[in-house]
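Chemist: Got a structure for you, questions after.
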Amino acid sequence: GSCLQHPGQLLTPGPSMATSAQPRARPSALGHQLWKTLSSEADLEERLHELDLRSDSDIPDVPPPTDSTPEILKKALSGLSARWKNWWIRGILSLAMISGFFLIIYLGSFMLMLLVLSIQVKCYHEIITIGYRVYHSYDLPWFRSLSWYFLLCVNYFFYGETVADYFATFVQRREQLQFLIRYHRFISFALYLTGFCMFVLSLVKKHYRLQFYMFAWTHVTLLITVTQSHLVIQNLFEGMIWFLVPISSVICNDITAYIFGFFFGRTPLIKLSPKKTWEGFIGGFFSTVVFGFIFSYFLAQHQYFVCPVEYNSETNRFVTECEPSELFQMKKYSVPPLLQAVLGWETVNMYPFQMHSFALSTFASLIGPFGGFFASGFKRAFKIKDFADTIPGHGGIMDRFDCQYLMATFVHVYITSFIRGPNPSKLLKQLLILQPEQQLSVYKTLKSHLVEKGILQPSLRG
């Protein structure tokens with residue numbers, strides 16, 4: 001019989017074919033070129049398939065970040081060991097960041113919103129840059145441009161929703177803004193759809209899989225950064241105390257857990273983050289609960305921190321003036337019998353919000369760190385130590401705010417589930433932007449309802 005040779009070679013006739021078969025002609029130049037093309041495409045498909053199945057150890061190395069520590073600090077700490085040098089660098093930069101944070105708080109809620117937006121953009125940039133570096137050698141078309149375009153689209157949608165909710169009276173006075181707000185969601189969808197079509201048009205056969213990888217990478221990054229930062233700003237509008245206590249609790253837990261772990265840490269906590277210890281975790285928990293309780297007590301005494309942030313269209317400024325709600329009015333509570341013997345008190349005066357601070361502090365210290373563990377696993381997957389080298393001794397902005405995003409979501413859910421009730425001022429703003437006949441209809445319906453409940457006298461019917 002005959003044996004099949006390598007494709008492109010001739011079939012060698014066997015004995016039974018020698019007399020009956022005519023000699024086969026050599027392949028033409030066109031056939032040879034066709035075979036080469038098919039072979040190269042098959043090799044490419046095989047290589048891409050291997051890329052899909054590669055293990056974590058095969059992930060391309062990301063270039064290590066450079067040391068951005070100021071020279072003056074390097075010289076001042078040159079005689080210390082690496083461990084203590086890192087301690088002092090982290091401590092000095094932490095104090096500097098906390099001081100800057102207090103300055104921004106003093107400047108007002110609008111500056112805090114700008115700070116949140118700036119942090120969001122920087123975190124997004126750090127995560128996208130990692131993806132770009134990992135797959136840089138494949139030169140994916142339009143990847144970075146589309147990533148930033150989608151960031152703009154999603155920010156336009158979320159911040160447009162905020163403007164519609166909290167700046168209704170301001171928008172009502174600007175005719176050009178009325179069109180944008182009325183068709184805001186349609187415009188947002190059209191912008192996203194444009195980016196989606198641009199992505200489809202950018203698809204190149206040899207990069208299909210990687211392009212879809214990075215498309216998913218971009219959208220997950222948007223979910224982590226933009227949506228969470230939007231929730232941070234929503235929390236801020238409920239009152240600055242709902243912004244400061246959660247964020248400060250996470251910062252306190254991060255600092256105290258590091259201190260307890262540095263001096264007393266012996267027992268590893270989780271393999272994803274070898275430097276984390278049970279001693280630091282437990283010490284951070286108790287420190288954060290005490291801090292949150294005391295910090296809430298001082299903030300609850302000031303209108304500036306407890307009143308919802310509202311926009312005054314007459315002065316074109318954000319204002320925080322109100323009659324504090326029951327959450328921020330001192331009340332007397334009975335001490336449980338078991339604690340009376342220890343404390344020697346039968347009653348204690350405190351703000352109701354301080355009770356809620358226990359829930360916020362507990363989440364910040366027990367669940368919040370899992371945001372950091374998640375980030376540690378992400379960095380290990382791509383063989384990097386930090387997201388960036390923006391802050392000496394700390395890494396990137398994302399390294400410092402990985403726990404804040406979980407906290408922002410929890411606070412928003414907590415407020416909507418247990419705190420927030422009907423908001424008369426927000427409802428009034430919505431009524432004022434209705435057409436006159438719609439306002440009159442609401443008035444008649446409300447008056448009829450109040451008469452039926454006996455709040456208004458029937459004689460007042462008109």
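Chain lettering (A, B, ...) mirrors the order of the structure tokens, residue numbering begins at 1 for each chain separately, and ligand numbering begins at 1 in order of display.
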DSSP on the backbone: which residues in region 251-323 of chain A end up as strand (DSSP E or B)? Give the answer as a list in words.
Modeler: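 Result set for region 251-323 of chain A (strand (DSSP E or B)): Pro268, Leu269, Ile270, Ser273, Pro274, Lys275, Lys276, Thr277, Glu310, Tyr311, Asn312, Arg317, Phe318 and Val319 of chain A.
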Chemist: I'd like the contact shell of region 266-279 of chain A - 9 Å cut-off, only C-alpha atoms, skipping same-chain residues fewer than 5 positions apart - returned as a list of chain:residue names.
Modeler: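 The residues that qualify are A:Ala257, A:Tyr258, A:Phe260, A:Gly261, A:Gly284, A:Gly372, A:Phe373, A:Phe374, A:Ser376, A:Gly377, A:Arg380.
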Chemist: Selection from above, N, CA, C and O atoms, as a compact mmCIF listing (two decimals), in the first residue's frame, can you write it?
Modeler:
```txt
# COMPACT_ATOMS: atom_id res chain seq x y z
N ALA A 257 -3.02 48.33 62.25
CA ALA A 257 -2.69 46.94 61.94
C ALA A 257 -1.21 46.82 61.55
O ALA A 257 -0.53 45.85 61.92
N TYR A 258 -0.71 47.82 60.82
CA TYR A 258 0.71 47.82 60.45
C TYR A 258 1.60 47.95 61.69
O TYR A 258 2.61 47.26 61.82
N PHE A 260 0.83 47.24 64.95
CA PHE A 260 0.76 46.02 65.77
C PHE A 260 1.50 44.87 65.11
O PHE A 260 2.20 44.09 65.78
N GLY A 261 1.36 44.76 63.79
CA GLY A 261 2.06 43.69 63.10
C GLY A 261 3.57 43.90 63.09
O GLY A 261 4.34 42.94 63.19
N GLY A 284 -5.60 45.92 65.07
CA GLY A 284 -6.24 46.91 64.22
C GLY A 284 -7.74 46.98 64.45
O GLY A 284 -8.33 48.07 64.43
N GLY A 372 -7.87 44.57 50.41
CA GLY A 372 -6.42 44.54 50.28
C GLY A 372 -5.90 43.16 49.90
O GLY A 372 -4.96 43.04 49.11
N PHE A 373 -6.53 42.10 50.44
CA PHE A 373 -6.12 40.74 50.08
C PHE A 373 -6.40 40.47 48.60
O PHE A 373 -5.62 39.82 47.91
N PHE A 374 -7.55 40.97 48.15
CA PHE A 374 -7.89 40.83 46.73
C PHE A 374 -6.84 41.50 45.86
O PHE A 374 -6.38 40.95 44.85
N SER A 376 -3.76 42.09 46.70
CA SER A 376 -2.52 41.33 46.81
C SER A 376 -2.52 40.14 45.85
O SER A 376 -1.52 39.86 45.19
N GLY A 377 -3.66 39.45 45.77
CA GLY A 377 -3.76 38.35 44.83
C GLY A 377 -3.62 38.80 43.39
O GLY A 377 -2.97 38.14 42.57
N ARG A 380 0.06 39.52 42.75
CA ARG A 380 0.82 38.28 42.64
C ARG A 380 0.58 37.62 41.28
O ARG A 380 1.49 37.00 40.72
```
Chemist: Kindly give the distance, in Å, that separates CA of Val245 (chain A) and CA of Ile224 (chain A), rounded to a single decimal.
Modeler: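 Rounded to one decimal, the two atoms are 21.3 Å apart.
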Chemist: Can you tell me how far CA of Met330 (chain A) sits from CA of Tyr351 (chain A), in Å to one decimal?
Modeler: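 Atom-to-atom, CA of Met330 (chain A) to CA of Tyr351 (chain A), that is 4.7 Å.
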Chemist: Using only C-alpha atoms, which residue out of A:Phe387, A:Tyr414, A:Phe285, A:Phe167 lies closest to Arg317 (chain A)?
Modeler: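 Selected residue with least distance to Arg317 (chain A): A:Phe167.
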Chemist: Need to verify the contact set: Asp402 (chain A), 7 Å, only C-alpha atoms, exclusion of same-chain residues closer than 4 positions in sequence. Can you return it as number ranges by chain?
Modeler: A: 371-372, 375, 398
Chemist: Find the nearest atom pair between each residue of region 384-424 of chain A and region 82-106 of chain A for residues within 10 Å, count only C-alpha atoms, give distances in Å to one decimal, sort rows by chain and ascending number, and present the table as a tab-separated table.
Modeler:
```
residue	atom	partner	partner_atom	distance
A:Ile391	CA	A:Leu93	CA	7.7
A:Pro392	CA	A:Ile89	CA	7.0
A:Gly393	CA	A:Arg90	CA	5.0
A:His394	CA	A:Arg90	CA	6.4
A:Gly395	CA	A:Arg90	CA	10.0
```
Chemist: Take the residues from that selection and put them in a file with C-alpha atoms, as a PDB file, in the first residue's frame.
Modeler:
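Below you can see selection.pdb, which holds the result:
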```pdb
ATOM      1  CA  ILE A 391       3.902  57.327  46.925  1.00  0.00           C
ATOM      2  CA  PRO A 392       7.324  56.313  48.318  1.00  0.00           C
ATOM      3  CA  GLY A 393       7.024  53.481  50.815  1.00  0.00           C
ATOM      4  CA  HIS A 394       3.364  52.928  49.980  1.00  0.00           C
ATOM      5  CA  GLY A 395       3.298  52.097  46.268  1.00  0.00           C
TER       6      GLY A 395
END
```
Chemist: Please provide as a list in words all residues within 8 Å of region 171-182 of chain A, with the sequence filter that same-chain residues fewer than 6 positions apart are discarded (counting only C-alpha atoms).
Modeler: Gly160, Ala164 and Ile433 of chain A
Chemist: Keeping only all heavy atoms, write the selected residues to a file as a JSON list (two decimals), in the first residue's frame.
Modeler:
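Writing done, so here's out_21.json:
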```json
[["chain", "number", "residue", "atom", "x", "y", "z"],
["A", 160, "GLY", "N", -23.63, 62.80, 35.53],
["A", 160, "GLY", "CA", -24.85, 63.39, 35.01],
["A", 160, "GLY", "C", -26.04, 63.04, 35.88],
["A", 160, "GLY", "O", -26.93, 63.88, 36.13],
["A", 164, "ALA", "N", -28.47, 65.68, 37.96],
["A", 164, "ALA", "CA", -29.93, 65.65, 37.85],
["A", 164, "ALA", "C", -30.58, 65.53, 39.22],
["A", 164, "ALA", "O", -31.66, 66.10, 39.46],
["A", 164, "ALA", "CB", -30.35, 64.49, 36.96],
["A", 433, "ILE", "N", -39.54, 71.80, 39.56],
["A", 433, "ILE", "CA", -39.18, 71.75, 38.15],
["A", 433, "ILE", "C", -40.31, 71.18, 37.28],
["A", 433, "ILE", "O", -40.17, 71.06, 36.06],
["A", 433, "ILE", "CB", -37.90, 70.91, 37.93],
["A", 433, "ILE", "CG1", -38.13, 69.45, 38.31],
["A", 433, "ILE", "CG2", -36.73, 71.51, 38.67],
["A", 433, "ILE", "CD1", -36.93, 68.56, 38.04]]
```
Chemist: Residues within 9 Å of Trp142 (chain A), please, as a ChimeraX atom specification. Count only C-alpha atoms; anything in the same chain fewer than 3 positions from it doesn't count.
Modeler: /A:145-147,198-199,202
Chemist: Just the residues within 10 Å of region 246-253 of chain A, please, counting only C-alpha atoms, with nothing from its chain fewer than 4 positions along; format it as a compact mmCIF listing (two decimals) with all heavy atoms, in the first residue's frame.
Modeler:
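Okay, this is what ended up in around.txt:
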```
# COMPACT_ATOMS: atom_id res chain seq x y z
N SER A 94 2.79 59.07 55.46
CA SER A 94 1.43 58.93 55.99
C SER A 94 0.99 60.21 56.68
O SER A 94 -0.13 60.69 56.49
CB SER A 94 1.34 57.75 56.97
OG SER A 94 1.57 56.52 56.32
N ILE A 98 -2.15 62.59 55.57
CA ILE A 98 -3.22 62.91 56.51
C ILE A 98 -3.37 64.42 56.67
O ILE A 98 -4.48 64.96 56.71
CB ILE A 98 -2.95 62.24 57.87
CG1 ILE A 98 -3.08 60.71 57.72
CG2 ILE A 98 -3.91 62.76 58.93
CD1 ILE A 98 -2.66 59.94 58.97
N VAL A 232 -19.04 56.87 46.79
CA VAL A 232 -18.37 57.72 47.79
C VAL A 232 -18.98 59.11 47.79
O VAL A 232 -19.27 59.70 48.85
CB VAL A 232 -16.85 57.79 47.52
CG1 VAL A 232 -16.20 58.82 48.43
CG2 VAL A 232 -16.19 56.43 47.72
N ASN A 235 -22.42 59.14 49.29
CA ASN A 235 -22.32 59.15 50.76
C ASN A 235 -22.01 60.54 51.28
O ASN A 235 -22.54 60.96 52.32
CB ASN A 235 -21.23 58.17 51.22
CG ASN A 235 -21.53 56.74 50.82
OD1 ASN A 235 -22.67 56.37 50.56
ND2 ASN A 235 -20.49 55.92 50.77
N ILE A 241 -20.07 63.51 57.61
CA ILE A 241 -19.72 62.51 58.61
C ILE A 241 -19.79 61.10 58.03
O ILE A 241 -19.03 60.21 58.42
CB ILE A 241 -20.64 62.64 59.85
CG1 ILE A 241 -20.06 61.87 61.03
CG2 ILE A 241 -22.06 62.19 59.53
CD1 ILE A 241 -20.77 62.14 62.34
N TRP A 242 -20.69 60.88 57.06
CA TRP A 242 -20.80 59.58 56.40
C TRP A 242 -19.65 59.34 55.43
O TRP A 242 -19.45 58.23 54.96
CB TRP A 242 -22.13 59.47 55.66
CG TRP A 242 -23.30 59.39 56.57
CD1 TRP A 242 -24.21 60.38 56.85
CD2 TRP A 242 -23.72 58.25 57.34
NE1 TRP A 242 -25.15 59.94 57.74
CE2 TRP A 242 -24.88 58.63 58.06
CE3 TRP A 242 -23.23 56.96 57.50
CZ2 TRP A 242 -25.54 57.76 58.91
CZ3 TRP A 242 -23.90 56.10 58.34
CH2 TRP A 242 -25.04 56.48 59.04
N ALA A 257 -3.02 48.33 62.25
CA ALA A 257 -2.69 46.94 61.94
C ALA A 257 -1.21 46.82 61.55
O ALA A 257 -0.53 45.85 61.92
CB ALA A 257 -3.58 46.43 60.81
N TYR A 258 -0.71 47.82 60.82
CA TYR A 258 0.71 47.82 60.45
C TYR A 258 1.60 47.95 61.69
O TYR A 258 2.61 47.26 61.82
CB TYR A 258 0.98 48.96 59.47
CG TYR A 258 2.43 49.10 59.08
CD1 TYR A 258 3.01 48.22 58.17
CD2 TYR A 258 3.24 50.09 59.63
CE1 TYR A 258 4.35 48.33 57.81
CE2 TYR A 258 4.57 50.22 59.28
CZ TYR A 258 5.12 49.34 58.36
OH TYR A 258 6.44 49.45 58.01
N ILE A 259 1.21 48.85 62.61
CA ILE A 259 2.01 49.06 63.83
C ILE A 259 2.02 47.81 64.70
O ILE A 259 3.08 47.35 65.15
CB ILE A 259 1.47 50.27 64.61
CG1 ILE A 259 1.71 51.57 63.83
CG2 ILE A 259 2.14 50.36 65.98
CD1 ILE A 259 1.09 52.80 64.46
N GLY A 280 -1.57 41.84 64.10
CA GLY A 280 -1.92 43.12 63.48
C GLY A 280 -3.40 43.22 63.19
O GLY A 280 -4.02 44.28 63.38
N PHE A 281 -4.00 42.12 62.72
CA PHE A 281 -5.42 42.09 62.38
C PHE A 281 -6.28 42.36 63.61
O PHE A 281 -7.20 43.20 63.59
CB PHE A 281 -5.77 40.73 61.77
CG PHE A 281 -7.16 40.63 61.22
CD1 PHE A 281 -7.51 41.23 60.03
CD2 PHE A 281 -8.13 39.90 61.92
CE1 PHE A 281 -8.80 41.12 59.53
CE2 PHE A 281 -9.42 39.79 61.43
CZ PHE A 281 -9.74 40.39 60.23
N ILE A 282 -5.99 41.68 64.71
CA ILE A 282 -6.78 41.84 65.94
C ILE A 282 -6.53 43.21 66.58
O ILE A 282 -7.46 43.89 67.02
CB ILE A 282 -6.44 40.71 66.93
CG1 ILE A 282 -6.87 39.36 66.33
CG2 ILE A 282 -7.13 40.94 68.27
CD1 ILE A 282 -6.40 38.15 67.14
N GLY A 283 -5.26 43.62 66.64
CA GLY A 283 -4.95 44.94 67.19
C GLY A 283 -5.59 46.05 66.40
O GLY A 283 -6.10 47.03 66.95
N GLY A 284 -5.60 45.92 65.07
CA GLY A 284 -6.24 46.91 64.22
C GLY A 284 -7.74 46.98 64.45
O GLY A 284 -8.33 48.07 64.43
N PHE A 285 -8.37 45.82 64.69
CA PHE A 285 -9.82 45.79 64.93
C PHE A 285 -10.19 46.60 66.17
O PHE A 285 -11.05 47.50 66.11
CB PHE A 285 -10.29 44.34 65.06
CG PHE A 285 -11.67 44.21 65.63
CD1 PHE A 285 -12.78 44.58 64.89
CD2 PHE A 285 -11.86 43.74 66.93
CE1 PHE A 285 -14.06 44.46 65.42
CE2 PHE A 285 -13.14 43.62 67.46
CZ PHE A 285 -14.24 43.99 66.71
N PHE A 286 -9.59 46.30 67.30
CA PHE A 286 -9.95 46.99 68.54
C PHE A 286 -9.59 48.48 68.46
O PHE A 286 -10.36 49.33 68.94
CB PHE A 286 -9.26 46.33 69.74
CG PHE A 286 -9.86 45.02 70.12
CD1 PHE A 286 -9.21 43.82 69.86
CD2 PHE A 286 -11.11 44.96 70.74
CE1 PHE A 286 -9.78 42.60 70.21
CE2 PHE A 286 -11.68 43.75 71.10
CZ PHE A 286 -11.02 42.56 70.82
N SER A 287 -8.48 48.80 67.87
CA SER A 287 -8.08 50.21 67.74
C SER A 287 -9.07 50.98 66.87
O SER A 287 -9.43 52.12 67.18
CB SER A 287 -6.67 50.30 67.15
OG SER A 287 -5.73 49.63 67.94
N THR A 288 -9.53 50.35 65.79
CA THR A 288 -10.44 51.02 64.87
C THR A 288 -11.80 51.26 65.50
O THR A 288 -12.41 52.32 65.31
CB THR A 288 -10.59 50.19 63.58
OG1 THR A 288 -9.31 49.98 63.01
CG2 THR A 288 -11.48 50.91 62.58
N VAL A 289 -12.29 50.29 66.28
CA VAL A 289 -13.59 50.45 66.94
C VAL A 289 -13.54 51.60 67.95
O VAL A 289 -14.45 52.44 68.00
CB VAL A 289 -14.00 49.13 67.63
CG1 VAL A 289 -15.22 49.36 68.54
CG2 VAL A 289 -14.32 48.06 66.60
N VAL A 290 -12.48 51.67 68.73
CA VAL A 290 -12.34 52.76 69.70
C VAL A 290 -12.20 54.10 68.98
O VAL A 290 -12.84 55.09 69.36
CB VAL A 290 -11.12 52.51 70.61
CG1 VAL A 290 -10.85 53.72 71.50
CG2 VAL A 290 -11.34 51.26 71.46
N PHE A 291 -11.38 54.12 67.93
CA PHE A 291 -11.20 55.37 67.17
C PHE A 291 -12.52 55.85 66.58
O PHE A 291 -12.86 57.04 66.66
CB PHE A 291 -10.18 55.15 66.06
CG PHE A 291 -10.14 56.26 65.05
CD1 PHE A 291 -9.43 57.43 65.29
CD2 PHE A 291 -10.83 56.14 63.85
CE1 PHE A 291 -9.42 58.47 64.37
CE2 PHE A 291 -10.81 57.16 62.91
CZ PHE A 291 -10.10 58.33 63.17
N GLY A 292 -13.27 54.94 65.94
CA GLY A 292 -14.53 55.32 65.32
C GLY A 292 -15.52 55.88 66.31
O GLY A 292 -16.24 56.86 66.02
N PHE A 293 -15.58 55.30 67.50
CA PHE A 293 -16.51 55.77 68.54
C PHE A 293 -16.16 57.18 68.99
O PHE A 293 -17.02 58.05 69.11
CB PHE A 293 -16.47 54.80 69.71
CG PHE A 293 -17.51 55.07 70.76
CD1 PHE A 293 -18.81 54.64 70.59
CD2 PHE A 293 -17.18 55.76 71.92
CE1 PHE A 293 -19.78 54.89 71.56
CE2 PHE A 293 -18.12 56.02 72.90
CZ PHE A 293 -19.43 55.58 72.72
N PHE A 295 -14.08 59.43 67.41
CA PHE A 295 -14.11 60.36 66.28
C PHE A 295 -15.54 60.78 65.96
O PHE A 295 -15.81 61.95 65.66
CB PHE A 295 -13.44 59.71 65.08
CG PHE A 295 -13.17 60.64 63.94
CD1 PHE A 295 -12.53 61.84 64.13
CD2 PHE A 295 -13.55 60.30 62.65
CE1 PHE A 295 -12.27 62.71 63.07
CE2 PHE A 295 -13.30 61.13 61.57
CZ PHE A 295 -12.66 62.35 61.79
N SER A 357 -21.50 53.90 64.37
CA SER A 357 -20.05 53.89 64.13
C SER A 357 -19.45 52.52 64.45
O SER A 357 -18.44 52.13 63.87
CB SER A 357 -19.35 54.98 64.94
OG SER A 357 -19.28 54.63 66.32
N ALA A 359 -20.84 49.65 63.70
CA ALA A 359 -21.03 48.86 62.49
C ALA A 359 -20.01 49.26 61.42
O ALA A 359 -19.41 48.40 60.75
CB ALA A 359 -22.45 49.03 61.96
N LEU A 360 -19.79 50.58 61.25
CA LEU A 360 -18.85 51.05 60.25
C LEU A 360 -17.42 50.62 60.59
O LEU A 360 -16.68 50.16 59.71
CB LEU A 360 -18.93 52.58 60.15
CG LEU A 360 -20.30 53.17 59.77
CD1 LEU A 360 -20.22 54.70 59.74
CD2 LEU A 360 -20.77 52.64 58.43
N SER A 361 -17.04 50.77 61.85
CA SER A 361 -15.68 50.41 62.26
C SER A 361 -15.44 48.90 62.16
O SER A 361 -14.35 48.47 61.77
CB SER A 361 -15.42 50.89 63.69
OG SER A 361 -15.56 52.29 63.81
N THR A 362 -16.46 48.13 62.53
CA THR A 362 -16.32 46.67 62.46
C THR A 362 -16.13 46.21 61.02
O THR A 362 -15.27 45.37 60.74
CB THR A 362 -17.56 45.99 63.07
OG1 THR A 362 -17.68 46.38 64.45
CG2 THR A 362 -17.45 44.48 62.98
N PHE A 363 -16.90 46.77 60.11
CA PHE A 363 -16.73 46.41 58.69
C PHE A 363 -15.36 46.84 58.19
O PHE A 363 -14.69 46.10 57.47
CB PHE A 363 -17.82 47.06 57.84
CG PHE A 363 -17.80 46.63 56.40
CD1 PHE A 363 -18.55 45.54 55.98
CD2 PHE A 363 -17.02 47.31 55.47
CE1 PHE A 363 -18.52 45.13 54.65
CE2 PHE A 363 -16.99 46.91 54.14
CZ PHE A 363 -17.74 45.82 53.74
N ALA A 364 -14.94 48.05 58.58
CA ALA A 364 -13.65 48.57 58.11
C ALA A 364 -12.49 47.69 58.56
O ALA A 364 -11.50 47.56 57.84
CB ALA A 364 -13.45 49.99 58.62
N SER A 365 -12.61 47.09 59.73
CA SER A 365 -11.48 46.33 60.28
C SER A 365 -11.55 44.83 60.02
O SER A 365 -10.52 44.16 59.99
CB SER A 365 -11.38 46.58 61.79
OG SER A 365 -12.61 46.32 62.43
N LEU A 366 -12.76 44.28 59.81
CA LEU A 366 -12.89 42.85 59.59
C LEU A 366 -13.08 42.47 58.12
O LEU A 366 -12.52 41.49 57.65
CB LEU A 366 -14.07 42.29 60.41
CG LEU A 366 -13.95 42.38 61.93
CD1 LEU A 366 -15.14 41.69 62.59
CD2 LEU A 366 -12.64 41.76 62.42
N GLY A 368 -13.11 45.06 55.42
CA GLY A 368 -12.33 45.96 54.58
C GLY A 368 -10.99 45.40 54.14
O GLY A 368 -10.61 45.52 52.96
N PRO A 369 -10.22 44.75 55.05
CA PRO A 369 -8.92 44.21 54.64
C PRO A 369 -8.99 43.21 53.49
O PRO A 369 -8.00 43.00 52.80
CB PRO A 369 -8.41 43.55 55.93
CG PRO A 369 -9.03 44.32 57.03
CD PRO A 369 -10.40 44.67 56.52
N ARG A 400 -3.19 52.18 48.33
CA ARG A 400 -3.70 52.80 49.55
C ARG A 400 -5.22 52.83 49.61
O ARG A 400 -5.80 53.05 50.68
CB ARG A 400 -3.17 54.24 49.66
CG ARG A 400 -1.68 54.33 49.84
CD ARG A 400 -1.23 54.15 51.28
NE ARG A 400 -1.63 52.92 51.94
CZ ARG A 400 -1.00 51.76 51.81
NH1 ARG A 400 0.06 51.66 51.04
NH2 ARG A 400 -1.43 50.69 52.44
N PHE A 401 -5.88 52.65 48.49
CA PHE A 401 -7.34 52.78 48.47
C PHE A 401 -8.04 51.49 48.08
O PHE A 401 -9.23 51.51 47.76
CB PHE A 401 -7.75 53.91 47.52
CG PHE A 401 -7.43 55.28 48.04
CD1 PHE A 401 -6.20 55.86 47.78
CD2 PHE A 401 -8.33 55.97 48.82
CE1 PHE A 401 -5.89 57.12 48.28
CE2 PHE A 401 -8.03 57.22 49.33
CZ PHE A 401 -6.81 57.81 49.06
N CYS A 403 -8.95 49.07 49.97
CA CYS A 403 -9.99 48.74 50.95
C CYS A 403 -11.13 49.75 50.96
O CYS A 403 -12.24 49.45 51.42
CB CYS A 403 -9.40 48.66 52.35
SG CYS A 403 -8.08 47.44 52.54
N GLN A 404 -10.86 50.96 50.47
CA GLN A 404 -11.87 52.02 50.52
C GLN A 404 -13.07 51.72 49.63
O GLN A 404 -14.20 52.12 49.94
CB GLN A 404 -11.25 53.36 50.10
CG GLN A 404 -10.17 53.87 51.02
CD GLN A 404 -10.71 54.38 52.36
OE1 GLN A 404 -11.91 54.34 52.62
NE2 GLN A 404 -9.82 54.87 53.21
N TYR A 405 -12.83 51.00 48.52
CA TYR A 405 -13.93 50.77 47.59
C TYR A 405 -14.97 49.83 48.19
O TYR A 405 -16.18 50.03 48.03
CB TYR A 405 -13.39 50.22 46.27
CG TYR A 405 -12.64 51.27 45.48
CD1 TYR A 405 -11.29 51.15 45.23
CD2 TYR A 405 -13.29 52.40 45.02
CE1 TYR A 405 -10.60 52.12 44.54
CE2 TYR A 405 -12.62 53.38 44.32
CZ TYR A 405 -11.27 53.24 44.08
OH TYR A 405 -10.59 54.20 43.39
N MET A 407 -15.52 49.61 51.33
CA MET A 407 -16.14 50.40 52.39
C MET A 407 -17.20 51.33 51.81
O MET A 407 -18.27 51.51 52.41
CB MET A 407 -15.05 51.21 53.10
CG MET A 407 -15.50 51.85 54.39
SD MET A 407 -15.80 50.59 55.65
CE MET A 407 -16.74 51.53 56.84
N ALA A 408 -16.93 51.93 50.67
CA ALA A 408 -17.88 52.86 50.05
C ALA A 408 -19.19 52.17 49.73
O ALA A 408 -20.28 52.71 49.98
CB ALA A 408 -17.27 53.47 48.79
N PHE A 410 -20.40 49.42 51.15
CA PHE A 410 -21.07 49.04 52.40
C PHE A 410 -21.80 50.25 52.99
O PHE A 410 -22.96 50.13 53.42
CB PHE A 410 -20.06 48.50 53.41
CG PHE A 410 -20.64 48.30 54.77
CD1 PHE A 410 -21.50 47.24 55.02
CD2 PHE A 410 -20.34 49.17 55.81
CE1 PHE A 410 -22.05 47.05 56.29
CE2 PHE A 410 -20.88 48.99 57.07
CZ PHE A 410 -21.75 47.93 57.31
N VAL A 411 -21.15 51.40 53.04
CA VAL A 411 -21.78 52.60 53.64
C VAL A 411 -23.02 52.99 52.85
O VAL A 411 -24.06 53.32 53.44
CB VAL A 411 -20.77 53.77 53.69
CG1 VAL A 411 -21.46 55.04 54.17
CG2 VAL A 411 -19.61 53.43 54.62
```
Chemist: If we count only C-alpha atoms and set the cut-off at 8 Å, which residues sit around Ile127 (chain A), ignoring sequence neighbours fewer than 4 positions away in its own chain? Please answer as a list in words.
Modeler: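 Close residues of Ile127 (chain A): Cys123, Gly131, Thr221 and Phe387 of chain A.
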Chemist: Quote the spacing between CA of Met214 (chain A) and CA of Arg185 (chain A) in Å to one decimal place.
Modeler: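 Taking CA of Met214 (chain A) and CA of Arg185 (chain A), their separation equals 25.7 Å.
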Chemist: Taking only region 188-245 of chain A into account, list the residues labelled alpha helix (DSSP H) by DSSP (computed from the backbone), as a PyMOL selection string.
Modeler: chain A and resi 188-202+208-222+228-237+240-245
